[in-house]
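Chemist: Got a file for you: data30.cif, mmCIF, C-alpha atoms.
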data_final
loop_
_atom_site.label_atom_id
_atom_site.label_comp_id
_atom_site.auth_asym_id
_atom_site.auth_seq_id
_atom_site.Cartn_x
_atom_site.Cartn_y
_atom_site.Cartn_z
CA MET A 105 -12.22 25.18 2.17
CA ARG A 106 -14.45 26.51 -0.62
CA TRP A 107 -11.51 26.52 -3.04
CA TRP A 108 -10.54 23.00 -1.98
CA SER A 109 -14.11 21.76 -2.44
CA VAL A 110 -14.25 23.20 -5.96
CA ALA A 111 -10.88 21.67 -6.83
CA ASN A 112 -11.90 18.35 -5.31
CA PHE A 113 -15.11 18.34 -7.34
CA VAL A 114 -13.19 18.97 -10.58
CA SER A 115 -10.72 16.20 -9.75
CA ASN A 116 -13.47 13.71 -8.82
CA ALA A 117 -15.37 14.45 -12.02
CA GLY A 118 -12.22 13.92 -14.07
CA THR A 119 -11.34 10.69 -12.25
CA TRP A 120 -14.79 9.15 -12.74
CA MET A 121 -14.77 10.24 -16.37
CA GLN A 122 -11.44 8.47 -16.87
CA LEU A 123 -12.60 5.32 -15.08
CA THR A 124 -15.68 5.14 -17.28
CA VAL A 125 -13.67 5.76 -20.44
CA GLN A 126 -11.00 3.27 -19.36
CA ASN A 127 -13.55 0.47 -19.14
CA LEU A 128 -14.86 1.34 -22.60
CA LEU A 129 -11.31 1.53 -23.94
CA VAL A 130 -10.36 -1.92 -22.63
CA LEU A 131 -13.54 -3.36 -24.15
CA GLN A 132 -12.72 -1.66 -27.44
CA ILE A 133 -9.15 -3.00 -27.52
CA THR A 134 -9.80 -6.53 -26.27
CA GLY A 135 -13.54 -7.16 -26.64
CA SER A 136 -13.33 -8.96 -23.29
CA ALA A 137 -15.31 -8.17 -20.15
CA ALA A 138 -12.79 -10.23 -18.16
CA ALA A 139 -9.98 -7.94 -19.33
CA THR A 140 -12.01 -4.95 -18.18
CA GLY A 141 -12.35 -6.43 -14.72
CA LEU A 142 -8.64 -7.26 -14.71
CA SER A 143 -7.70 -3.63 -15.46
CA MET A 144 -9.75 -2.48 -12.46
CA SER A 145 -8.10 -5.09 -10.25
CA VAL A 146 -4.63 -4.09 -11.46
CA GLN A 147 -5.32 -0.48 -10.51
CA ALA A 148 -6.68 -1.47 -7.09
CA ALA A 149 -4.02 -4.10 -6.25
CA PRO A 150 -1.22 -1.67 -5.20
CA ALA A 151 -3.42 -0.42 -2.36
CA LEU A 152 -3.52 -3.95 -0.96
CA LEU A 153 0.27 -4.25 -0.87
CA ILE A 154 1.73 -0.79 -0.26
CA SER A 155 -1.08 1.37 1.09
CA VAL A 156 0.48 1.26 4.56
CA PHE A 157 3.69 2.77 3.16
CA GLY A 158 1.70 5.47 1.36
CA GLY A 159 0.01 6.41 4.63
CA ALA A 160 3.39 6.56 6.36
CA ALA A 161 4.66 8.93 3.69
CA VAL A 162 1.64 11.19 4.22
CA ASP A 163 2.43 11.41 7.95
CA ARG A 164 6.11 12.15 7.32
CA TRP A 165 5.94 14.70 4.50
CA PRO A 166 4.21 18.11 4.49
CA ARG A 167 0.61 17.48 3.56
CA LYS A 168 0.13 20.21 0.96
CA LEU A 169 3.36 19.34 -0.84
CA THR A 170 2.50 15.63 -0.85
CA ALA A 171 -0.99 16.23 -2.25
CA ALA A 172 0.25 18.68 -4.90
CA VAL A 173 3.01 16.33 -6.12
CA SER A 174 0.74 13.27 -6.20
CA GLN A 175 -1.92 15.18 -8.14
CA ALA A 176 0.70 16.39 -10.64
CA LEU A 177 1.98 12.82 -11.11
CA LEU A 178 -1.55 11.51 -11.69
CA GLY A 179 -2.01 14.27 -14.25
CA ALA A 180 1.20 13.23 -16.00
CA VAL A 181 -0.03 9.62 -16.25
CA ALA A 182 -3.33 10.82 -17.73
CA PHE A 183 -1.51 12.96 -20.32
CA VAL A 184 0.77 10.06 -21.29
CA THR A 185 -2.27 7.83 -21.77
CA ALA A 186 -4.00 10.51 -23.85
CA LEU A 187 -0.93 10.85 -26.08
CA MET A 188 -0.66 7.08 -26.60
CA VAL A 189 -4.36 6.86 -27.46
CA ALA A 190 -4.07 9.76 -29.91
CA LEU A 191 -1.05 8.13 -31.61
CA ASP A 192 -2.75 4.70 -31.58
CA ARG A 193 0.12 3.25 -29.55
CA LEU A 194 -1.87 1.97 -26.59
CA ASP A 195 -2.20 -1.79 -26.18
CA VAL A 196 -3.42 -3.93 -23.30
CA THR A 197 0.02 -4.30 -21.71
CA SER A 198 0.68 -0.53 -21.70
CA LEU A 199 -2.80 0.16 -20.35
CA MET A 200 -2.34 -2.32 -17.50
CA LEU A 201 1.07 -0.82 -16.68
CA LEU A 202 -0.37 2.71 -16.59
CA ALA A 203 -3.25 1.50 -14.43
CA ALA A 204 -0.76 -0.05 -11.98
CA VAL A 205 1.27 3.19 -11.83
CA THR A 206 -1.94 5.11 -11.15
CA GLY A 207 -2.76 2.69 -8.33
CA VAL A 208 0.69 3.16 -6.76
CA ILE A 209 0.43 6.96 -6.80
CA ALA A 210 -3.11 6.75 -5.41
CA THR A 211 -1.83 5.02 -2.25
CA VAL A 212 -0.25 8.36 -1.33
CA ASP A 213 -2.71 10.70 -3.01
CA GLY A 214 -5.82 9.21 -1.37
CA PRO A 215 -4.91 9.78 2.30
CA ALA A 216 -3.09 13.05 1.52
CA CYS A 217 -6.12 14.65 -0.15
CA SER A 218 -8.55 13.20 2.42
CA LEU A 219 -6.62 14.70 5.33
CA LEU A 220 -5.79 17.97 3.59
CA GLY A 221 -9.43 19.06 3.77
CA ASN A 222 -9.43 18.36 7.52
CA ASP A 223 -6.32 20.52 7.96
CA LEU A 224 -8.20 23.55 6.64
CA VAL A 225 -10.84 23.73 9.40
CA PRO A 226 -10.85 23.77 13.24
CA PRO A 227 -11.08 20.34 14.91
CA GLN A 228 -14.76 20.77 15.84
CA ASP A 229 -15.63 21.28 12.16
CA VAL A 230 -13.77 18.22 10.84
CA PRO A 231 -16.91 15.97 10.72
CA SER A 232 -18.66 18.64 8.63
CA ALA A 233 -15.63 18.92 6.34
CA ILE A 234 -15.73 15.16 5.82
CA GLY A 235 -19.45 15.39 5.01
CA VAL A 236 -18.74 18.12 2.45
CA GLY A 237 -16.03 15.87 0.95
CA ALA A 238 -18.55 13.01 0.66
CA LEU A 239 -21.02 15.33 -1.05
CA VAL A 240 -18.35 16.52 -3.48
CA HIS A 241 -17.39 12.91 -4.21
CA GLN A 242 -20.98 11.92 -5.03
CA ALA A 243 -21.54 14.99 -7.21
CA GLY A 244 -18.23 14.45 -9.01
CA ARG A 245 -19.10 10.82 -9.66
CA LEU A 246 -22.40 11.75 -11.29
CA THR A 247 -20.85 14.55 -13.33
CA GLY A 248 -17.86 12.48 -14.45
CA ALA A 249 -19.96 9.55 -15.64
CA ALA A 250 -22.18 11.92 -17.62
CA LEU A 251 -19.23 13.83 -19.12
CA ALA A 252 -17.53 10.60 -20.21
CA GLY A 253 -20.15 9.80 -22.85
CA VAL A 254 -20.34 13.40 -24.09
CA THR A 255 -16.56 13.83 -24.31
CA VAL A 256 -15.93 10.53 -26.09
CA GLY A 257 -18.84 11.15 -28.46
CA PHE A 258 -17.74 14.62 -29.54
CA LEU A 259 -13.96 14.74 -28.95
CA GLY A 260 -12.76 11.15 -28.64
CA THR A 261 -11.18 8.96 -25.97
CA ALA A 262 -7.86 10.82 -25.91
CA ALA A 263 -9.68 14.06 -25.05
CA ALA A 264 -11.27 12.42 -21.99
CA TYR A 265 -7.86 11.40 -20.65
CA ALA A 266 -6.45 14.85 -21.40
CA ALA A 267 -9.37 16.50 -19.59
CA ASN A 268 -8.65 14.35 -16.53
CA GLY A 269 -5.00 15.39 -16.70
CA LEU A 270 -6.07 19.04 -16.68
CA SER A 271 -8.31 18.40 -13.67
CA PHE A 272 -5.33 17.05 -11.71
CA LEU A 273 -3.18 20.03 -12.67
CA PHE A 274 -5.97 22.37 -11.58
CA VAL A 275 -5.97 20.78 -8.11
CA ALA A 276 -2.16 20.90 -7.91
CA SER A 277 -2.21 24.60 -8.80
CA VAL A 278 -4.85 25.42 -6.17
CA ILE A 279 -3.21 23.58 -3.24
CA PRO A 280 -0.30 26.04 -2.64
CA PHE A 281 -2.79 28.88 -2.13
CA LEU A 282 -4.98 27.11 0.45
CA ARG A 283 -4.99 28.85 3.82
CA PRO A 284 -6.29 27.07 6.93
CA ALA A 285 -9.01 28.73 8.99
CA ARG A 286 -8.15 30.15 12.38
CA GLY A 287 -7.84 27.36 14.93
CA ALA A 288 -7.00 24.61 12.43
CA VAL A 289 -4.31 22.12 13.47
CA LYS A 290 -1.16 22.67 11.46
CA HIS A 291 0.50 19.58 9.98
CA THR A 292 4.17 19.89 9.04
CA GLY A 293 5.18 16.23 8.74
CA ALA A 294 7.12 14.01 11.11
CA VAL A 295 10.80 14.57 11.85
CA LYS A 296 11.86 10.94 12.09
CA ARG A 297 15.17 10.15 10.44
CA GLY A 298 17.31 7.10 9.92
CA ALA A 299 17.42 3.96 7.80
CA ASP A 300 14.67 2.23 9.76
CA ALA A 301 12.29 5.20 9.82
CA ASP A 302 9.99 3.78 7.12
CA THR A 303 9.67 0.33 8.70
CA MET A 304 9.17 1.67 12.22
CA THR A 305 6.58 4.16 11.04
CA VAL A 306 4.57 1.46 9.26
CA ARG A 307 4.80 -0.79 12.31
CA GLU A 308 3.54 2.02 14.52
CA GLY A 309 0.52 2.47 12.26
CA LEU A 310 -0.30 -1.24 12.24
CA ALA A 311 0.17 -1.53 16.00
CA PHE A 312 -1.99 1.51 16.70
CA PHE A 313 -4.80 0.18 14.54
CA ALA A 314 -4.64 -3.28 16.12
CA ARG A 315 -4.81 -1.82 19.64
CA ARG A 316 -7.84 0.39 19.01
CA PRO A 317 -11.11 -1.49 19.67
CA ARG A 318 -13.11 1.33 18.03
CA LEU A 319 -11.18 1.00 14.78
CA LEU A 320 -11.41 -2.80 14.83
CA ALA A 321 -15.16 -2.59 15.41
CA LEU A 322 -15.47 -0.06 12.60
CA ALA A 323 -13.53 -2.40 10.31
CA GLY A 324 -15.86 -5.27 11.18
CA VAL A 325 -19.04 -3.26 10.59
CA THR A 326 -17.75 -1.78 7.34
CA GLY A 327 -16.42 -5.11 6.13
CA VAL A 328 -19.64 -7.09 6.55
CA SER A 329 -21.61 -4.22 5.00
CA ALA A 330 -19.22 -3.92 2.06
CA VAL A 331 -19.32 -7.62 1.24
CA PHE A 332 -23.05 -8.29 1.68
CA GLY A 333 -24.71 -4.93 1.19
CA ARG A 334 -22.85 -2.32 -0.82
CA ASN A 335 -22.54 -3.88 -4.26
CA TYR A 336 -25.91 -2.65 -5.46
CA GLN A 337 -24.67 -2.15 -9.02
CA LEU A 338 -24.40 -5.95 -9.13
CA THR A 339 -27.33 -7.19 -7.04
CA LEU A 340 -29.90 -4.63 -8.14
CA ALA A 341 -28.89 -4.98 -11.79
CA VAL A 342 -29.67 -8.71 -11.64
CA LEU A 343 -32.89 -8.10 -9.67
CA VAL A 344 -34.20 -5.43 -12.07
CA THR A 345 -33.35 -7.26 -15.28
CA GLY A 346 -34.36 -10.68 -13.90
CA PRO A 347 -37.26 -11.16 -11.46
CA LEU A 348 -38.67 -7.64 -12.02
CA ALA A 349 -38.45 -8.00 -15.83
CA GLY A 350 -36.99 -4.52 -16.38
CA GLY A 351 -34.44 -3.35 -18.91
CA ALA A 352 -31.34 -1.18 -19.02
CA GLY A 353 -33.49 1.94 -18.76
CA SER A 354 -35.13 0.68 -15.58
CA PHE A 355 -31.76 -0.05 -14.01
CA GLY A 356 -30.60 3.41 -15.08
CA THR A 357 -33.51 4.87 -13.10
CA VAL A 358 -32.55 2.78 -10.07
CA SER A 359 -28.94 3.96 -10.37
CA THR A 360 -30.08 7.58 -10.53
CA VAL A 361 -32.15 7.16 -7.37
CA LEU A 362 -29.14 5.57 -5.66
CA ALA A 363 -27.00 8.57 -6.63
CA VAL A 364 -29.61 11.05 -5.40
CA GLY A 365 -29.86 9.17 -2.11
CA GLY A 366 -26.08 9.27 -1.78
CA ILE A 367 -26.07 13.05 -2.17
CA VAL A 368 -28.90 13.50 0.35
CA GLY A 369 -27.09 11.22 2.79
CA ALA A 370 -23.85 13.16 2.39
CA VAL A 371 -25.69 16.41 3.23
CA LEU A 372 -27.22 14.81 6.34
CA GLY A 373 -23.89 13.24 7.29
CA ALA A 374 -22.22 16.65 7.20
CA ARG A 375 -24.50 17.70 10.08
CA LEU A 376 -23.17 15.01 12.42
CA ARG A 377 -21.13 16.71 15.14
CA ARG A 378 -20.16 13.64 17.17
CA PRO A 379 -20.06 10.57 14.90
CA SER A 380 -19.35 7.25 16.59
CA VAL A 381 -18.98 3.57 15.78
CA ARG A 382 -22.33 2.98 17.50
CA ILE A 383 -24.02 5.32 15.00
CA VAL A 384 -22.22 3.66 12.08
CA GLY A 385 -23.31 0.21 13.27
CA ALA A 386 -26.93 1.23 13.87
CA LEU A 387 -27.19 2.80 10.42
CA ALA A 388 -25.52 -0.19 8.76
CA ALA A 389 -27.94 -2.57 10.49
CA LEU A 390 -30.88 -0.40 9.40
CA GLY A 391 -29.53 -0.45 5.85
CA GLY A 392 -29.38 -4.24 6.00
CA LEU A 393 -33.04 -4.44 7.05
CA LEU A 394 -34.03 -2.04 4.26
CA GLN A 395 -32.10 -4.26 1.87
CA VAL A 396 -34.20 -7.24 3.00
CA VAL A 397 -37.40 -5.33 2.20
CA ALA A 398 -35.95 -4.29 -1.18
CA GLY A 399 -35.23 -7.93 -1.96
CA LEU A 400 -38.91 -8.70 -1.37
CA SER A 401 -40.12 -5.92 -3.70
CA PRO A 402 -42.90 -7.22 -5.95
CA SER A 403 -42.46 -4.45 -8.55
CA LEU A 404 -40.04 -1.84 -9.82
CA ALA A 405 -42.09 0.96 -8.25
CA VAL A 406 -41.78 -0.58 -4.77
CA LEU A 407 -38.05 -1.11 -5.32
CA LEU A 408 -37.57 2.56 -6.22
CA VAL A 409 -39.34 3.55 -3.01
CA MET A 410 -36.96 1.38 -0.98
CA VAL A 411 -33.77 2.27 -2.86
CA LEU A 412 -33.83 5.93 -1.83
CA PRO A 413 -33.73 5.37 1.98
CA MET A 414 -31.21 2.56 1.45
CA ALA A 415 -28.86 4.95 -0.32
CA VAL A 416 -29.42 7.72 2.24
CA VAL A 417 -28.70 5.43 5.20
CA GLU A 418 -25.62 3.99 3.47
CA SER A 419 -24.25 7.44 2.69
CA VAL A 420 -24.77 8.77 6.24
CA SER A 421 -23.17 5.61 7.64
CA ASP A 422 -20.18 5.96 5.31
CA THR A 423 -19.75 9.63 6.21
CA ALA A 424 -19.92 8.88 9.94
CA GLY A 425 -17.45 6.01 9.56
CA THR A 426 -15.00 8.19 7.65
CA ALA A 427 -15.26 10.85 10.34
CA VAL A 428 -14.46 8.31 13.07
CA LEU A 429 -11.55 6.93 11.04
CA GLN A 430 -10.02 10.36 10.45
CA THR A 431 -10.60 11.85 13.91
CA ASP A 432 -10.05 8.94 16.31
CA PRO A 433 -6.25 8.70 15.81
CA PRO A 434 -3.99 11.56 16.91
CA ALA A 435 -3.08 13.98 14.12
CA HIS A 436 0.42 12.56 13.60
CA MET A 437 -0.94 9.02 13.09
CA ARG A 438 -3.85 9.63 10.73
CA GLY A 439 -1.99 9.01 7.48
CA ARG A 440 -0.78 5.63 8.69
CA VAL A 441 -4.23 4.66 9.94
CA LEU A 442 -5.72 5.58 6.55
CA GLY A 443 -2.97 3.51 4.93
CA VAL A 444 -3.93 0.45 6.97
CA TRP A 445 -7.57 1.12 6.16
CA GLY A 446 -6.73 1.31 2.45
CA SER A 447 -5.24 -2.18 2.54
CA ILE A 448 -8.23 -3.57 4.44
CA GLY A 449 -10.71 -1.86 2.12
CA THR A 450 -8.99 -3.31 -0.93
CA VAL A 451 -9.58 -6.81 0.42
CA TRP A 452 -13.30 -6.03 0.62
CA SER A 453 -13.46 -4.44 -2.83
CA LEU A 454 -11.62 -7.35 -4.47
CA GLY A 455 -13.28 -10.16 -2.53
CA GLY A 456 -16.79 -8.79 -2.10
CA PRO A 457 -18.14 -9.02 -5.68
CA PRO A 458 -17.02 -12.66 -6.23
CA ALA A 459 -18.49 -13.70 -2.86
CA LEU A 460 -21.74 -11.92 -3.62
CA GLY A 461 -21.80 -13.40 -7.12
CA LEU A 462 -21.49 -16.88 -5.63
CA LEU A 463 -24.33 -16.10 -3.22
CA MET A 464 -26.52 -15.01 -6.15
CA GLU A 465 -25.67 -18.20 -7.99
CA LEU A 466 -26.91 -20.19 -5.01
CA ALA A 467 -29.88 -18.09 -3.88
CA GLY A 468 -30.72 -15.77 -6.77
CA ALA A 469 -30.86 -11.97 -6.70
CA ARG A 470 -33.72 -11.82 -4.19
CA GLY A 471 -32.12 -14.44 -1.97
CA ALA A 472 -28.76 -12.64 -2.04
CA LEU A 473 -30.32 -9.31 -1.03
CA ILE A 474 -32.40 -10.89 1.74
CA ALA A 475 -29.65 -13.15 3.07
CA GLY A 476 -27.07 -10.36 2.84
CA GLY A 477 -29.28 -7.92 4.71
CA LEU A 478 -30.00 -10.45 7.45
CA ILE A 479 -26.28 -11.26 7.76
CA ILE A 480 -25.46 -7.55 8.14
CA ALA A 481 -28.15 -6.81 10.72
CA GLY A 482 -27.55 -10.10 12.58
CA SER A 483 -23.78 -9.71 12.72
CA ILE A 484 -23.93 -6.13 13.98
CA GLY A 485 -26.62 -7.00 16.53
CA ALA A 486 -24.65 -9.99 17.79
CA GLY A 487 -21.50 -7.90 18.04
CA HIS A 488 -23.33 -5.26 20.07
CA LEU A 489 -24.74 -7.85 22.48
CA LEU A 490 -21.34 -9.48 22.95
CA ARG A 491 -19.78 -6.11 23.66
CA GLU A 492 -22.45 -5.30 26.25
CA ARG A 493 -21.94 -8.66 27.97
CA ARG A 494 -18.19 -8.23 27.94
CA PHE A 495 -18.13 -4.76 29.44
CA THR A 496 -21.07 -5.15 31.84
CA ALA A 497 -20.57 -7.88 34.45
CA PRO A 498 -21.43 -8.33 38.16
CA VAL A 499 -18.51 -7.34 40.39
CA ALA A 500 -18.36 -8.52 44.02
CA VAL A 501 -17.57 -5.75 46.52
CA ARG A 502 -15.53 -6.84 49.57
CA ALA A 503 -17.61 -6.35 52.74
CA LYS A 504 -16.43 -3.97 55.41
CA ASP A 505 -16.98 -4.46 59.12
CA ALA A 506 -20.30 -2.62 59.20
CA ASP A 507 -21.44 -3.74 55.76
CA VAL A 508 -23.60 -6.63 54.57
CA PRO A 509 -21.36 -9.65 53.71
CA GLU A 510 -20.91 -10.58 50.09
CA ARG A 511 -22.89 -7.60 48.77
CA ALA A 512 -22.85 -7.51 44.96
CA ALA A 513 -22.71 -4.44 42.78
CA LEU A 514 -22.94 -3.95 39.06
CA GLY A 515 -19.85 -2.25 37.63
CA THR A 516 -19.39 -1.08 34.09
CA ALA A 517 -15.91 -0.99 32.58
CA ALA A 518 -14.89 2.27 30.98
#
Could you show the structure in this file as structure tokens?

Modeler:
Amino acid sequence: MRWWSVANFVSNAGTWMQLTVQNLLVLQITGSAAATGLSMSVQAAPALLISVFGGAAVDRWPRKLTAAVSQALLGAVAFVTALMVALDRLDVTSLMLLAAVTGVIATVDGPACSLLGNDLVPPQDVPSAIGVGALVHQAGRLTGAALAGVTVGFLGTAAAYAANGLSFLFVASVIPFLRPARGAVKHTGAVKRGADADTMTVREGLAFFARRPRLLALAGVTGVSAVFGRNYQLTLAVLVTGPLAGGAGSFGTVSTVLAVGGIVGAVLGARLRRPSVRIVGALAALGGLLQVVAGLSPSLAVLLVMVLPMAVVESVSDTAGTAVLQTDPPAHMRGRVLGVWGSIGTVWSLGGPPALGLLMELAGARGALIAGGLIIAGSIGAGHLLRERRFTAPVAVRAKDADVPERAALGTAA
């Protein structure tokens, strides 16, 4: 697990470095912010369409082999991009095509690498392993964004892509040597065969997800939070540079505090032994209320005070939600469930920023933060009350000969 965490950190740092450099590269080639957004959408779009098939592949194939091959393929794409940049052969069309290929491979790589860490520890330690993964992700994101500017400044854009390619190859070389701890559940891949195996496997994943109230509730909580509360790089940027009259440096400070809060939240989330949808919902509602207070901040200093607990609560909630998502399904179904989740999450990531942008156009940055926070807390609270009313109802008990007629009792459905 220690080796996997180190490898995962290296890979995350390389990925975030490439994402940062890719945005700068598109701007350099086209001079268009719209083209930059389009490149991000092109890379994310495959998850919307084929993520369920990627999850099915993860369930069917041996996990370590799947993760190693997908990491090697991502490394190959990064090296090809580096070569084209170095030879000055990269144009917008080629960059979009490479971004799409990266997105396709990621539909398999994402669930494979997420579940591989869980395969290394006993079942009771899986929530902690997920928390460690969240911590590694946050640390890799910070490191990668910082390395992007240094690498491009001293070595050039091609070197940043090449460094990311090396990070993928490092992970692929470590995976064959990973040994699960005693008591870990061994995953060898499904044994289904036949022409209809792919379709049936995907259908099983969709049907399982649709029949699990916990997963549907988790999707609802995460969805409303993602659309109205998680795009702080957009809402807080407008708030800081607008009503609070700050500059790029002030927003940089806010972003740093957000990152620190994410790391602290990941550490706290790793200590959760029994995460549940109830915990995820309570934390998301609390985050929504903190967002309302942040929207009312009269100064940058007050905003910084509020941003830290917002980020901590969001990170713990995300870690708990990921733990529920990866532990609720049986082991042989987890890849398919993550595949379904990948498609759903892509809808949020593609639709959330435009919806939030429209809300800011109508209500301003403060109004968007306040209204979004109230929508999150109100929706989760209403959902909880409806669930309680649905599963707690008076049940009439048939009277026996020596009993009081028409005696009522309160029964609670399991």

Chemist: Could you expand the PyMOL selection byres ((chain A and resi 105) around 7) into the explicit residues it covers here, written as an mmCIF file with C-alpha atoms, keeping the file's coordinate frame?

Modeler:
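Here's the written file expr_12.cif:
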data_model
loop_
_atom_site.group_PDB
_atom_site.id
_atom_site.type_symbol
_atom_site.label_atom_id
_atom_site.label_comp_id
_atom_site.auth_asym_id
_atom_site.auth_seq_id
_atom_site.Cartn_x
_atom_site.Cartn_y
_atom_site.Cartn_z
ATOM 1 C CA ARG A 106 -14.450 26.510 -0.620
ATOM 2 C CA TRP A 107 -11.510 26.520 -3.040
ATOM 3 C CA TRP A 108 -10.540 23.000 -1.980
ATOM 4 C CA SER A 109 -14.110 21.760 -2.440
ATOM 5 C CA GLY A 221 -9.430 19.060 3.770
ATOM 6 C CA LEU A 224 -8.200 23.550 6.640
#

Chemist: Rounded to one decimal place, report the CA of Ala276 (chain A)-CA of Asp432 (chain A) distance in Å.

Modeler: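 It comes out at 28.1 Å.
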
Chemist: Which is closer to Asn335 (chain A) than all the others in A:Met200, A:Leu362, A:Leu466, A:Ile154, using all atoms listed in the file?

Modeler: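 When distances to Asn335 (chain A) are compared using all atoms listed in the file, the smallest one comes from A:Leu362.
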
Chemist: Quick one: residues within 12 Å of Ala472 (chain A), all atoms listed in the file, excluding same-chain residues fewer than 4 positions away - as a CSV table (one decimal) with C-alpha atoms, in the coordinates of the input?

Modeler:
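Okay, this is what ended up in part.csv:
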chain,number,residue,atom,x,y,z
A,331,VAL,CA,-19.3,-7.6,1.2
A,332,PHE,CA,-23.0,-8.3,1.7
A,333,GLY,CA,-24.7,-4.9,1.2
A,334,ARG,CA,-22.8,-2.3,-0.8
A,335,ASN,CA,-22.5,-3.9,-4.3
A,336,TYR,CA,-25.9,-2.6,-5.5
A,338,LEU,CA,-24.4,-6.0,-9.1
A,339,THR,CA,-27.3,-7.2,-7.0
A,340,LEU,CA,-29.9,-4.6,-8.1
A,342,VAL,CA,-29.7,-8.7,-11.6
A,343,LEU,CA,-32.9,-8.1,-9.7
A,392,GLY,CA,-29.4,-4.2,6.0
A,395,GLN,CA,-32.1,-4.3,1.9
A,396,VAL,CA,-34.2,-7.2,3.0
A,398,ALA,CA,-36.0,-4.3,-1.2
A,399,GLY,CA,-35.2,-7.9,-2.0
A,400,LEU,CA,-38.9,-8.7,-1.4
A,457,PRO,CA,-18.1,-9.0,-5.7
A,459,ALA,CA,-18.5,-13.7,-2.9
A,460,LEU,CA,-21.7,-11.9,-3.6
A,461,GLY,CA,-21.8,-13.4,-7.1
A,462,LEU,CA,-21.5,-16.9,-5.6
A,463,LEU,CA,-24.3,-16.1,-3.2
A,464,MET,CA,-26.5,-15.0,-6.2
A,465,GLU,CA,-25.7,-18.2,-8.0
A,466,LEU,CA,-26.9,-20.2,-5.0
A,467,ALA,CA,-29.9,-18.1,-3.9
A,468,GLY,CA,-30.7,-15.8,-6.8
A,476,GLY,CA,-27.1,-10.4,2.8
A,477,GLY,CA,-29.3,-7.9,4.7
A,478,LEU,CA,-30.0,-10.4,7.4
A,479,ILE,CA,-26.3,-11.3,7.8
A,480,ILE,CA,-25.5,-7.6,8.1

Chemist: For the provided coordinates, the residues matched by the PyMOL selection byres ((chain A and resi 327) around 12) should be stated as a PyMOL selection string.

Modeler: chain A and resi 319-326+328-334+385+388+422+425+445+448-456+479-480+483-484

Chemist: CA of Leu473 (chain A) to CA of Val368 (chain A): how many Å, to one decimal?

Modeler: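 Between CA of Leu473 (chain A) and CA of Val368 (chain A) the gap works out to 22.9 Å.
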
Chemist: Name the residues captured by the PyMOL selection byres ((chain A and resi 210) around 10) when it is applied to the shown file; answer as a list of chain:residue names.

Modeler: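 Taken over the shown coordinates, the PyMOL selection byres ((chain A and resi 210) around 10) returns A:Gln147, A:Ala148, A:Pro150, A:Ala151, A:Ser155, A:Gly158, A:Ser174, A:Gln175, A:Leu177, A:Leu178, A:Ala204, A:Val205, A:Thr206, A:Gly207, A:Val208, A:Ile209, A:Thr211, A:Val212, A:Asp213, A:Gly214, A:Pro215, A:Ala216, A:Cys217.
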
Chemist: Just to be explicit: take each residue in the selection above, keep C-alpha atoms, and write the result as an mmCIF file, in the coordinates of the input.

Modeler:
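Below you can see again_25.cif, which holds the result:
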data_model
loop_
_atom_site.group_PDB
_atom_site.id
_atom_site.type_symbol
_atom_site.label_atom_id
_atom_site.label_comp_id
_atom_site.auth_asym_id
_atom_site.auth_seq_id
_atom_site.Cartn_x
_atom_site.Cartn_y
_atom_site.Cartn_z
ATOM 1 C CA GLN A 147 -5.320 -0.480 -10.510
ATOM 2 C CA ALA A 148 -6.680 -1.470 -7.090
ATOM 3 C CA PRO A 150 -1.220 -1.670 -5.200
ATOM 4 C CA ALA A 151 -3.420 -0.420 -2.360
ATOM 5 C CA SER A 155 -1.080 1.370 1.090
ATOM 6 C CA GLY A 158 1.700 5.470 1.360
ATOM 7 C CA SER A 174 0.740 13.270 -6.200
ATOM 8 C CA GLN A 175 -1.920 15.180 -8.140
ATOM 9 C CA LEU A 177 1.980 12.820 -11.110
ATOM 10 C CA LEU A 178 -1.550 11.510 -11.690
ATOM 11 C CA ALA A 204 -0.760 -0.050 -11.980
ATOM 12 C CA VAL A 205 1.270 3.190 -11.830
ATOM 13 C CA THR A 206 -1.940 5.110 -11.150
ATOM 14 C CA GLY A 207 -2.760 2.690 -8.330
ATOM 15 C CA VAL A 208 0.690 3.160 -6.760
ATOM 16 C CA ILE A 209 0.430 6.960 -6.800
ATOM 17 C CA THR A 211 -1.830 5.020 -2.250
ATOM 18 C CA VAL A 212 -0.250 8.360 -1.330
ATOM 19 C CA ASP A 213 -2.710 10.700 -3.010
ATOM 20 C CA GLY A 214 -5.820 9.210 -1.370
ATOM 21 C CA PRO A 215 -4.910 9.780 2.300
ATOM 22 C CA ALA A 216 -3.090 13.050 1.520
ATOM 23 C CA CYS A 217 -6.120 14.650 -0.150
#

Chemist: Please tabulate, as a Markdown table, the residues of region 361-434 of chain A that come within 8 Å of region 242-252 of chain A, each with its closest pair of atoms and the distance in Å to one decimal, counting all atoms listed in the file and ordering rows by chain, then residue number upward.

Modeler:
| residue | atom | partner | partner_atom | distance |
| --- | --- | --- | --- | --- |
| A:Ala363 | CA | A:Gln242 | CA | 7.1 |
| A:Gly366 | CA | A:Gln242 | CA | 6.6 |
| A:Ile367 | CA | A:Gln242 | CA | 5.9 |

Chemist: From the set A:Gly253, A:Gly179, A:Pro284, A:Pro433, which residue has the shortest atom-to-atom contact distance to Tyr265 (chain A), counting all atoms listed in the file?

Modeler: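 Smallest distance to Tyr265 (chain A) is found for A:Gly179.
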
Chemist: Please measure the separation of CA of Arg193 (chain A) and CA of Leu273 (chain A), giving the value in Å to one decimal.

Modeler: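 Answer for the CA of Arg193 (chain A) to CA of Leu273 (chain A) separation: 24.0 Å.
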
Chemist: Point out the residue among A:Val240, A:Val275, A:Met437, A:Val411 with the least atom-to-atom distance to Thr423 (chain A), counting all atoms listed in the file.

Modeler: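 When distances to Thr423 (chain A) are compared using all atoms listed in the file, the smallest one comes from A:Val240.
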